[in-house]
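Dumped entry.cif below, it's mmCIF, C-alpha atoms:
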```
data_run
#
loop_
_atom_site.group_PDB
_atom_site.id
_atom_site.type_symbol
_atom_site.label_atom_id
_atom_site.label_comp_id
_atom_site.auth_asym_id
_atom_site.auth_seq_id
_atom_site.Cartn_x
_atom_site.Cartn_y
_atom_site.Cartn_z
ATOM 1 C CA MET N 1 -17.106 14.382 -4.284
ATOM 2 C CA ASN N 2 -18.545 11.899 -1.817
ATOM 3 C CA GLN N 3 -17.343 12.808 1.675
ATOM 4 C CA ASN N 4 -18.712 9.483 2.991
ATOM 5 C CA THR N 5 -16.006 7.625 1.103
ATOM 6 C CA LEU N 6 -13.875 6.119 3.847
ATOM 7 C CA VAL N 7 -10.516 4.705 2.731
ATOM 8 C CA VAL N 8 -8.350 2.544 5.008
ATOM 9 C CA GLY N 9 -4.687 1.569 4.989
ATOM 10 C CA ILE N 10 -4.155 -1.415 7.298
ATOM 11 C CA GLY N 11 -0.901 -3.001 8.471
ATOM 12 C CA GLU N 12 2.521 -1.805 9.602
ATOM 13 C CA ALA N 13 3.158 1.504 11.398
ATOM 14 C CA LEU N 14 6.841 1.964 12.101
ATOM 15 C CA TRP N 15 9.914 4.140 12.032
ATOM 16 C CA ASP N 16 12.217 3.953 9.016
ATOM 17 C CA VAL N 17 15.662 4.597 10.478
ATOM 18 C CA LEU N 18 17.464 6.257 7.570
ATOM 19 C CA PRO N 19 21.088 7.451 7.382
ATOM 20 C CA GLU N 20 19.944 11.042 8.118
ATOM 21 C CA GLY N 21 17.599 10.115 10.986
ATOM 22 C CA LYS N 22 14.253 8.437 11.584
ATOM 23 C CA LYS N 23 11.087 9.005 9.561
ATOM 24 C CA ILE N 24 7.559 7.671 9.980
ATOM 25 C CA GLY N 25 7.159 4.665 7.717
ATOM 26 C CA GLY N 26 4.868 1.866 6.735
ATOM 27 C CA ALA N 27 2.822 1.591 3.552
ATOM 28 C CA PRO N 28 -0.603 1.976 5.273
ATOM 29 C CA ALA N 29 0.257 5.412 6.720
ATOM 30 C CA ASN N 30 1.864 6.582 3.477
ATOM 31 C CA PHE N 31 -1.210 5.452 1.539
ATOM 32 C CA ALA N 32 -3.745 6.974 3.957
ATOM 33 C CA TYR N 33 -1.811 10.249 4.145
ATOM 34 C CA HIS N 34 -1.855 10.736 0.370
ATOM 35 C CA VAL N 35 -5.525 9.688 0.104
ATOM 36 C CA SER N 36 -6.361 12.460 2.595
ATOM 37 C CA GLN N 37 -4.432 14.958 0.441
ATOM 38 C CA PHE N 38 -6.884 14.217 -2.392
ATOM 39 C CA GLY N 39 -9.751 15.235 -0.100
ATOM 40 C CA LEU N 40 -11.080 11.814 0.899
ATOM 41 C CA GLU N 41 -11.491 10.619 4.471
ATOM 42 C CA SER N 42 -8.828 8.070 5.385
ATOM 43 C CA ARG N 43 -7.750 5.972 8.364
ATOM 44 C CA VAL N 44 -4.553 4.192 9.288
ATOM 45 C CA VAL N 45 -5.189 0.918 11.135
ATOM 46 C CA SER N 46 -2.204 -0.509 13.023
ATOM 47 C CA ALA N 47 -0.651 -0.949 16.474
ATOM 48 C CA VAL N 48 2.214 0.686 18.365
ATOM 49 C CA GLY N 49 4.022 -0.163 21.572
ATOM 50 C CA GLU N 50 3.734 1.346 25.052
ATOM 51 C CA ASP N 51 6.977 3.234 24.430
ATOM 52 C CA LYS N 52 8.423 6.570 23.349
ATOM 53 C CA LEU N 53 8.566 5.546 19.681
ATOM 54 C CA GLY N 54 4.884 4.610 19.754
ATOM 55 C CA MET N 55 3.891 7.908 21.336
ATOM 56 C CA GLU N 56 5.956 9.745 18.711
ATOM 57 C CA ILE N 57 4.119 7.945 15.887
ATOM 58 C CA LEU N 58 0.729 8.961 17.300
ATOM 59 C CA GLU N 59 1.947 12.535 17.794
ATOM 60 C CA ASN N 60 3.306 12.625 14.254
ATOM 61 C CA PHE N 61 -0.032 11.459 12.827
ATOM 62 C CA ARG N 62 -1.844 14.138 14.848
ATOM 63 C CA GLU N 63 0.481 16.802 13.445
ATOM 64 C CA LYS N 64 -0.222 15.567 9.924
ATOM 65 C CA LYS N 65 -3.986 15.502 10.723
ATOM 66 C CA LEU N 66 -3.902 11.840 9.742
ATOM 67 C CA ASN N 67 -6.843 9.981 11.274
ATOM 68 C CA CYS N 68 -6.051 6.587 12.702
ATOM 69 C CA MET N 69 -7.345 3.636 14.677
ATOM 70 C CA ILE N 70 -4.137 2.491 16.329
ATOM 71 C CA GLU N 71 -4.122 0.189 19.337
ATOM 72 C CA THR N 72 -1.357 0.295 21.963
ATOM 73 C CA VAL N 73 -0.108 -3.232 22.630
ATOM 74 C CA PRO N 74 2.596 -4.725 24.923
ATOM 75 C CA TYR N 75 5.191 -5.138 22.141
ATOM 76 C CA PRO N 76 7.883 -2.711 20.963
ATOM 77 C CA THR N 77 6.988 -0.203 18.253
ATOM 78 C CA GLY N 78 8.234 -1.358 14.869
ATOM 79 C CA THR N 79 11.491 -0.094 13.366
ATOM 80 C CA VAL N 80 13.218 -0.672 10.031
ATOM 81 C CA GLN N 81 16.869 0.036 9.320
ATOM 82 C CA VAL N 82 16.924 1.603 5.840
ATOM 83 C CA SER N 83 20.070 2.024 3.787
ATOM 84 C CA LEU N 84 20.024 3.615 0.326
ATOM 85 C CA ASP N 85 22.073 2.315 -2.595
ATOM 86 C CA ALA N 86 23.806 4.548 -5.186
ATOM 87 C CA GLU N 87 20.519 5.061 -7.089
ATOM 88 C CA GLY N 88 18.627 6.090 -3.945
ATOM 89 C CA VAL N 89 16.755 2.757 -3.832
ATOM 90 C CA PRO N 90 16.096 1.612 -0.250
ATOM 91 C CA CYS N 91 17.224 -1.705 1.311
ATOM 92 C CA TYR N 92 15.330 -2.731 4.464
ATOM 93 C CA ASP N 93 16.083 -4.629 7.677
ATOM 94 C CA ILE N 94 12.666 -5.084 9.278
ATOM 95 C CA LYS N 95 12.545 -5.958 12.991
ATOM 96 C CA GLU N 96 10.242 -8.834 14.018
ATOM 97 C CA GLY N 97 7.924 -9.483 16.994
ATOM 98 C CA VAL N 98 6.796 -5.845 17.089
ATOM 99 C CA ALA N 99 3.531 -4.013 17.783
ATOM 100 C CA TRP N 100 2.192 -4.063 14.223
ATOM 101 C CA ASP N 101 2.590 -7.856 14.164
ATOM 102 C CA ASN N 102 -0.090 -7.855 16.895
ATOM 103 C CA ILE N 103 -2.966 -5.667 15.625
ATOM 104 C CA PRO N 104 -6.043 -6.786 17.608
ATOM 105 C CA TYR N 105 -9.457 -7.206 15.970
ATOM 106 C CA THR N 106 -11.837 -5.100 18.055
ATOM 107 C CA PRO N 107 -15.556 -4.194 17.870
ATOM 108 C CA ALA N 108 -14.497 -0.659 16.895
ATOM 109 C CA LEU N 109 -12.448 -2.071 14.041
ATOM 110 C CA GLU N 110 -15.392 -4.170 12.850
ATOM 111 C CA GLY N 111 -17.534 -1.018 12.902
ATOM 112 C CA LEU N 112 -14.926 0.763 10.779
ATOM 113 C CA ALA N 113 -14.823 -2.125 8.291
ATOM 114 C CA LYS N 114 -18.592 -1.897 7.751
ATOM 115 C CA GLN N 115 -18.165 1.765 6.654
ATOM 116 C CA THR N 116 -15.066 1.265 4.503
ATOM 117 C CA LYS N 117 -15.324 1.935 0.768
ATOM 118 C CA ALA N 118 -11.731 1.044 -0.121
ATOM 119 C CA ILE N 119 -8.845 -0.645 1.669
ATOM 120 C CA CYS N 120 -5.187 -1.156 0.868
ATOM 121 C CA PHE N 121 -3.330 -4.051 2.489
ATOM 122 C CA GLY N 122 -0.047 -5.833 1.820
ATOM 123 C CA SER N 123 1.789 -9.057 2.548
ATOM 124 C CA LEU N 124 4.247 -7.708 5.157
ATOM 125 C CA ALA N 125 1.708 -7.214 7.988
ATOM 126 C CA GLN N 126 0.444 -10.739 7.345
ATOM 127 C CA ARG N 127 3.738 -12.324 8.416
ATOM 128 C CA SER N 128 2.279 -12.914 11.918
ATOM 129 C CA VAL N 129 -0.912 -14.823 12.708
ATOM 130 C CA VAL N 130 -2.520 -12.074 14.839
ATOM 131 C CA SER N 131 -2.324 -9.269 12.279
ATOM 132 C CA ARG N 132 -3.050 -11.645 9.389
ATOM 133 C CA GLU N 133 -6.305 -12.757 11.028
ATOM 134 C CA THR N 134 -7.239 -9.129 11.809
ATOM 135 C CA ILE N 135 -6.682 -8.083 8.176
ATOM 136 C CA ASN N 136 -8.715 -11.029 6.861
ATOM 137 C CA ARG N 137 -11.581 -10.398 9.279
ATOM 138 C CA PHE N 138 -11.601 -6.706 8.327
ATOM 139 C CA LEU N 139 -11.804 -7.599 4.615
ATOM 140 C CA ASP N 140 -14.646 -10.031 5.294
ATOM 141 C CA ALA N 141 -16.585 -7.446 7.337
ATOM 142 C CA MET N 142 -16.524 -4.824 4.561
ATOM 143 C CA PRO N 143 -19.688 -4.330 2.465
ATOM 144 C CA ASP N 144 -19.932 -6.762 -0.454
ATOM 145 C CA GLU N 145 -21.077 -4.279 -3.087
ATOM 146 C CA GLY N 146 -18.964 -1.569 -4.654
ATOM 147 C CA THR N 147 -15.914 -1.732 -2.376
ATOM 148 C CA LEU N 148 -12.306 -1.696 -3.573
ATOM 149 C CA LYS N 149 -9.892 -4.123 -1.922
ATOM 150 C CA ILE N 150 -6.371 -3.338 -3.077
ATOM 151 C CA PHE N 151 -3.636 -5.860 -2.404
ATOM 152 C CA ASP N 152 -0.361 -3.932 -2.778
ATOM 153 C CA ILE N 153 1.758 -7.043 -2.531
ATOM 154 C CA ASN N 154 4.961 -5.346 -1.245
ATOM 155 C CA LEU N 155 7.234 -8.408 -0.899
ATOM 156 C CA ARG N 156 9.858 -7.765 1.776
ATOM 157 C CA GLN N 157 12.750 -10.046 2.819
ATOM 158 C CA GLY N 158 11.272 -13.527 3.319
ATOM 159 C CA PHE N 159 8.080 -12.335 4.996
ATOM 160 C CA TYR N 160 5.549 -14.044 2.731
ATOM 161 C CA THR N 161 4.385 -17.509 1.721
ATOM 162 C CA LYS N 162 2.582 -18.872 -1.307
ATOM 163 C CA GLU N 163 -0.442 -19.556 0.909
ATOM 164 C CA ILE N 164 -0.616 -15.925 2.163
ATOM 165 C CA LEU N 165 -0.280 -14.561 -1.367
ATOM 166 C CA CYS N 166 -2.878 -16.950 -2.765
ATOM 167 C CA ASN N 167 -5.403 -16.039 -0.066
ATOM 168 C CA SER N 168 -4.782 -12.316 -0.613
ATOM 169 C CA PHE N 169 -5.226 -12.656 -4.394
ATOM 170 C CA ARG N 170 -8.616 -14.227 -3.703
ATOM 171 C CA LYS N 171 -9.638 -11.543 -1.181
ATOM 172 C CA CYS N 172 -8.658 -8.508 -3.286
ATOM 173 C CA ASN N 173 -10.249 -7.120 -6.438
ATOM 174 C CA ILE N 174 -7.317 -4.866 -7.404
ATOM 175 C CA LEU N 175 -3.747 -6.221 -7.359
ATOM 176 C CA LYS N 176 -0.748 -3.875 -7.404
ATOM 177 C CA ILE N 177 2.596 -5.466 -8.131
ATOM 178 C CA ASN N 178 5.974 -4.379 -9.502
ATOM 179 C CA ASP N 179 7.980 -6.126 -12.207
ATOM 180 C CA GLU N 180 10.425 -7.774 -9.768
ATOM 181 C CA GLU N 181 7.591 -9.036 -7.562
ATOM 182 C CA LEU N 182 5.805 -10.396 -10.635
ATOM 183 C CA VAL N 183 8.878 -12.483 -11.500
ATOM 184 C CA THR N 184 8.969 -13.864 -7.924
ATOM 185 C CA VAL N 185 5.241 -14.649 -7.933
ATOM 186 C CA SER N 186 5.489 -16.291 -11.370
ATOM 187 C CA ARG N 187 8.203 -18.617 -10.115
ATOM 188 C CA MET N 188 6.165 -19.505 -7.009
ATOM 189 C CA PHE N 189 2.998 -20.133 -8.990
ATOM 190 C CA GLY N 190 4.620 -22.013 -11.845
ATOM 191 C CA TYR N 191 4.460 -19.833 -14.977
ATOM 192 C CA PRO N 192 7.946 -18.359 -15.273
ATOM 193 C CA GLY N 193 8.589 -18.534 -19.033
ATOM 194 C CA ILE N 194 6.085 -16.025 -20.441
ATOM 195 C CA ASP N 195 6.312 -12.256 -20.791
ATOM 196 C CA LEU N 196 5.218 -9.826 -18.074
ATOM 197 C CA GLN N 197 1.997 -8.748 -19.779
ATOM 198 C CA ASP N 198 0.829 -12.343 -20.271
ATOM 199 C CA LYS N 199 1.520 -13.053 -16.598
ATOM 200 C CA CYS N 200 -0.690 -10.083 -15.703
ATOM 201 C CA TRP N 201 -3.545 -11.297 -17.912
ATOM 202 C CA ILE N 202 -3.288 -14.755 -16.281
ATOM 203 C CA LEU N 203 -3.521 -13.298 -12.738
ATOM 204 C CA LEU N 204 -6.348 -10.943 -13.749
ATOM 205 C CA ALA N 205 -8.419 -13.821 -15.137
ATOM 206 C CA LYS N 206 -7.515 -16.471 -12.570
ATOM 207 C CA TYR N 207 -8.502 -14.314 -9.575
ATOM 208 C CA ASN N 208 -11.345 -12.453 -11.315
ATOM 209 C CA LEU N 209 -9.742 -9.061 -10.592
ATOM 210 C CA LYS N 210 -11.259 -5.699 -11.553
ATOM 211 C CA MET N 211 -7.775 -4.328 -12.221
ATOM 212 C CA LEU N 212 -4.119 -5.244 -12.038
ATOM 213 C CA ILE N 213 -1.548 -2.453 -11.679
ATOM 214 C CA LEU N 214 2.004 -3.312 -12.783
ATOM 215 C CA THR N 215 4.759 -0.796 -12.057
ATOM 216 C CA CYS N 216 8.118 -1.190 -13.796
ATOM 217 C CA GLY N 217 10.209 1.615 -12.273
ATOM 218 C CA VAL N 218 11.766 3.785 -14.974
ATOM 219 C CA ASN N 219 10.166 1.561 -17.642
ATOM 220 C CA GLY N 220 6.639 2.841 -17.043
ATOM 221 C CA SER N 221 3.512 1.320 -15.551
ATOM 222 C CA TYR N 222 0.445 -0.574 -16.742
ATOM 223 C CA VAL N 223 -3.130 -0.908 -15.560
ATOM 224 C CA PHE N 224 -4.824 -4.052 -16.854
ATOM 225 C CA THR N 225 -8.608 -4.305 -16.789
ATOM 226 C CA PRO N 226 -10.626 -7.076 -18.497
ATOM 227 C CA GLY N 227 -10.385 -6.205 -22.168
ATOM 228 C CA GLU N 228 -7.962 -3.276 -22.108
ATOM 229 C CA VAL N 229 -4.615 -2.035 -20.838
ATOM 230 C CA SER N 230 -3.339 1.470 -20.030
ATOM 231 C CA PHE N 231 0.392 2.195 -20.290
ATOM 232 C CA VAL N 232 2.034 5.407 -19.038
ATOM 233 C CA GLU N 233 5.726 6.195 -19.303
ATOM 234 C CA THR N 234 7.590 7.170 -16.127
ATOM 235 C CA PRO N 235 8.556 10.869 -16.183
ATOM 236 C CA LYS N 236 12.265 11.640 -15.895
ATOM 237 C CA VAL N 237 12.794 13.480 -12.604
ATOM 238 C CA GLU N 238 15.662 14.256 -10.231
ATOM 239 C CA VAL N 239 15.249 11.463 -7.673
ATOM 240 C CA ALA N 240 15.829 12.317 -4.002
ATOM 241 C CA ASP N 241 14.635 8.893 -2.822
ATOM 242 C CA THR N 242 11.948 6.420 -3.855
ATOM 243 C CA VAL N 243 10.630 5.723 -0.323
ATOM 244 C CA GLY N 244 6.826 5.786 -0.356
ATOM 245 C CA ALA N 245 6.532 6.542 -4.084
ATOM 246 C CA GLY N 246 4.610 3.332 -4.746
ATOM 247 C CA ASP N 247 2.202 4.057 -1.883
ATOM 248 C CA SER N 248 1.511 7.544 -3.257
ATOM 249 C CA PHE N 249 0.832 5.982 -6.683
ATOM 250 C CA THR N 250 -1.742 3.627 -5.148
ATOM 251 C CA ALA N 251 -3.344 6.430 -3.132
ATOM 252 C CA ALA N 252 -3.687 8.752 -6.131
ATOM 253 C CA PHE N 253 -5.063 5.947 -8.295
ATOM 254 C CA VAL N 254 -7.647 4.739 -5.765
ATOM 255 C CA SER N 255 -8.733 8.285 -4.855
ATOM 256 C CA SER N 256 -9.262 9.091 -8.529
ATOM 257 C CA ILE N 257 -11.339 5.953 -9.160
ATOM 258 C CA LEU N 258 -13.499 6.737 -6.105
ATOM 259 C CA MET N 259 -14.006 10.272 -7.463
ATOM 260 C CA GLY N 260 -15.402 8.824 -10.686
ATOM 261 C CA LYS N 261 -12.333 9.260 -12.912
ATOM 262 C CA THR N 262 -11.642 6.799 -15.722
ATOM 263 C CA VAL N 263 -8.899 4.198 -15.339
ATOM 264 C CA ARG N 264 -6.753 6.232 -17.752
ATOM 265 C CA GLU N 265 -7.263 9.493 -15.823
ATOM 266 C CA ALA N 266 -6.541 7.723 -12.518
ATOM 267 C CA HIS N 267 -3.407 6.155 -14.001
ATOM 268 C CA LEU N 268 -2.052 9.495 -15.282
ATOM 269 C CA ARG N 269 -2.623 11.166 -11.899
ATOM 270 C CA ALA N 270 -0.959 8.246 -10.068
ATOM 271 C CA VAL N 271 2.156 8.517 -12.241
ATOM 272 C CA LYS N 272 2.340 12.292 -11.750
ATOM 273 C CA THR N 273 1.954 11.895 -7.966
ATOM 274 C CA SER N 274 4.599 9.211 -7.521
ATOM 275 C CA ALA N 275 7.040 11.096 -9.769
ATOM 276 C CA PHE N 276 6.705 14.146 -7.503
ATOM 277 C CA VAL N 277 7.192 12.049 -4.336
ATOM 278 C CA CYS N 278 10.451 10.682 -5.828
ATOM 279 C CA THR N 279 11.793 14.249 -6.011
ATOM 280 C CA GLN N 280 11.243 14.754 -2.265
ATOM 281 C CA ASN N 281 12.931 13.250 0.801
ATOM 282 C CA GLY N 282 10.704 10.878 2.751
ATOM 283 C CA ALA N 283 7.367 9.262 2.024
ATOM 284 C CA MET N 284 4.911 11.996 3.067
ATOM 285 C CA PRO N 285 5.630 15.297 1.337
ATOM 286 C CA VAL N 286 2.825 17.813 0.884
ATOM 287 C CA LEU N 287 1.526 17.451 -2.682
ATOM 288 C CA PRO N 288 1.453 20.676 -4.719
ATOM 289 C CA ASP N 289 -1.794 21.696 -6.440
ATOM 290 C CA TYR N 290 -0.564 20.852 -9.944
ATOM 291 C CA VAL N 291 -0.226 17.205 -8.877
ATOM 292 C CA LYS N 292 -3.704 17.056 -7.333
ATOM 293 C CA GLU N 293 -5.493 18.799 -10.231
#
```
Encoded form using C-alpha cells:
Amino acid sequence: MNQNTLVVGIGEALWDVLPEGKKIGGAPANFAYHVSQFGLESRVVSAVGEDKLGMEILENFREKKLNCMIETVPYPTGTVQVSLDAEGVPCYDIKEGVAWDNIPYTPALEGLAKQTKAICFGSLAQRSVVSRETINRFLDAMPDEGTLKIFDINLRQGFYTKEILCNSFRKCNILKINDEELVTVSRMFGYPGIDLQDKCWILLAKYNLKMLILTCGVNGSYVFTPGEVSFVETPKVEVADTVGAGDSFTAAFVSSILMGKTVREAHLRAVKTSAFVCTQNGAMPVLPDYVKE
C-alpha cells in the first residue's frame, strides 16, 4: 500500500444536533475518517468558529486521530438540526452564514493540494462564494495526472444551482449521486423522460467521467465506467440510522481504487461498509475487521 496517498475531504465541518444530542457531522469529516480506517492518510479541510463548538470539533478530531487543516474564522461554527423520520432517514435544517461557508484559501492549503491524490467535495459547501472559490482553487492546484476528484453531489435544501453543479461535473472525474438526486439533476438539465441508467450513461459521456456511482437505497447501487456497469444489491440489515452511510460508501470505494482493487472489488467493499454504518448510531463508528478485509 502506498503511504504517500493523501486523500482529502473538503467542505462543511459542523455539529448534527440529533434528538439524542449533538454529533460531529459533515460529509468531508465522515469521508476522511473512514478513509483513514482503511489505512490511507487523510485530511479534513474546513473552518470552525472562535467558539466552544469549534473547539469541541477540533478536540473531537484529535480524539479520533483524524488529521485536519481547519482554519478558525470569525463566524459561528456550523450546526444542523437533524430529525429522523419513521424509517430512520434524516431531515436537515442547515444554518447559514457559518464558519464552513468561509474556508480561506491559504498557501498551506495550496501546498496540501499539490500533494493530494484524491479529493471528495460536494455541492453544499459551495453555497457561499468564499468556500466555493477555495474548493475550485484546490481542485485546480492538484496534480493533473492520476488524481481522483470525486464530486459527491449531496443536494441539500435549496443550496445548489445549475451553474454550481455544471462546473463541478466538469471539475470532477468521478460523480457520486443517488436516485433522487439524479431525478432532480435530470429535470434541471433537461432529460427527464428516460430511465435512470440511460441518464447515468449520458452524464458519464457528456462530462468525460472515469466513473459514475449511483446509489438507490434499498434497491442497490451501480458503478458505471465507460463500457461496463457493476450492480450490487443492498444487504438487508437492522438500520439504526443512515447518517454518514453514503460518505462511508465513498470512502471505502475510493480507498479500494487507490489500493489497486478493481471497480467490482471496490464496489463490493463500499456496499459492505455502508451497510455496517447503517447498523450503528452516528456517522463515524469504528469499522470491524471483516468490513475492511
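For the set N:Leu182, N:Thr242, N:Leu204, N:Arg187, the residue with the smallest atom-to-atom gap to N:Glu87 is N:Thr242, counting all atoms listed in the file.
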Take the PyMOL selection byres ((chain N and resi 117-123) around 6), run it mentally on this structure, and tell me the resulting residues as JSON, numbers by chain. {"N": [5, 6, 7, 8, 9, 10, 116, 124, 125, 126, 147, 148, 149, 150, 151, 152, 153, 154]}
When the PyMOL selection byres ((chain N and resi 256) around 9) is applied to the structure above, which residues does it catch, written out as a list of chain:residue names? N:Phe38, N:Ala251, N:Ala252, N:Phe253, N:Val254, N:Ser255, N:Ile257, N:Leu258, N:Met259, N:Gly260, N:Lys261, N:Thr262, N:Val263, N:Glu265, N:Ala266, N:His267, N:Arg269, N:Ala270
Go ahead and compute the interatomic distance for atom CA of N:Glu145 and atom CA of N:Ser42, in Å to one decimal. 19.3 Å
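Of the listed residues (N:Ala86, N:Ile174, N:Lys22, N:Val48), N:Ile174 comes nearest to N:Thr250; the distances count all atoms listed in the file.
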Close residues, N:Asp140 itself excluded, 10 Å, only C-alpha atoms, min 3 positions apart in chain, as a list in words: Glu110, Ala113, Lys114, Thr134, Ile135, Asn136, Arg137, Pro143, Asp144 and Lys171 of chain N
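Using the PyMOL selection byres ((chain N and resi 54) around 9) on the file at hand returns these residues: Leu14, Ala47, Val48, Gly49, Glu50, Asp51, Lys52, Leu53, Met55, Glu56, Ile57, Leu58, Glu59, Thr72, Pro76, Thr77, Gly78 and Ala99 of chain N.
Among the candidate residues N:Leu84, N:Ala283, N:Val291, N:Val98, the one lying nearest to N:Ala32 is N:Ala283, with distances computed using only C-alpha atoms.
Here atom CA of N:Leu196 and atom CA of N:Gly88 stand 25.2 Å from one another.
Between N:Val232 and the residues N:Gly220, N:Pro74, N:Gly97, N:Pro288, the shortest atom-to-atom distance, using only C-alpha atoms, involves N:Gly220.
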Residues of stretch 124-168 of chain N that approach stretch 100-104 of chain N to 6 Å or less, counting all atoms listed in the file: could you list each one with the shortest pair of atoms and its distance in Å to one decimal, rows by chain and increasing residue number, as JSON lines?
```
{"residue": "N:Ser128", "atom": "CA", "partner": "N:Asp101", "partner_atom": "CA", "distance": 5.5}
{"residue": "N:Val130", "atom": "CA", "partner": "N:Asn102", "partner_atom": "CA", "distance": 5.3}
{"residue": "N:Ser131", "atom": "CA", "partner": "N:Ile103", "partner_atom": "CA", "distance": 5.0}
```
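Close to (13.5, -7.0, 10.2), meaning no more than 10 Å away when counting only C-alpha atoms, sit the residues Gly78, Thr79, Val80, Gln81, Tyr92, Asp93, Ile94, Lys95, Glu96, Gly97, Val98, Arg156, Gln157, Gly158 and Phe159 of chain N.
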Of the candidates N:Gly111, N:Asp198, N:Val89, N:Arg127, which one gets nearest to N:Met142 if we count all atoms listed in the file? N:Gly111
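Using only C-alpha atoms, the nearest neighbour of N:Asn60 within the list N:Ala205, N:Leu155, N:Met284, N:Ala141 is N:Met284.
Note that the spacing between atom CA of N:Val237 and atom CA of N:Val218 amounts to 10.0 Å.
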Could you pull the residues within 8 Å of N:Val243, counting all atoms listed in the file, minus those fewer than 2 positions along the same chain, as a ChimeraX atom specification? /N:89-90,241,245-246,278,281-283
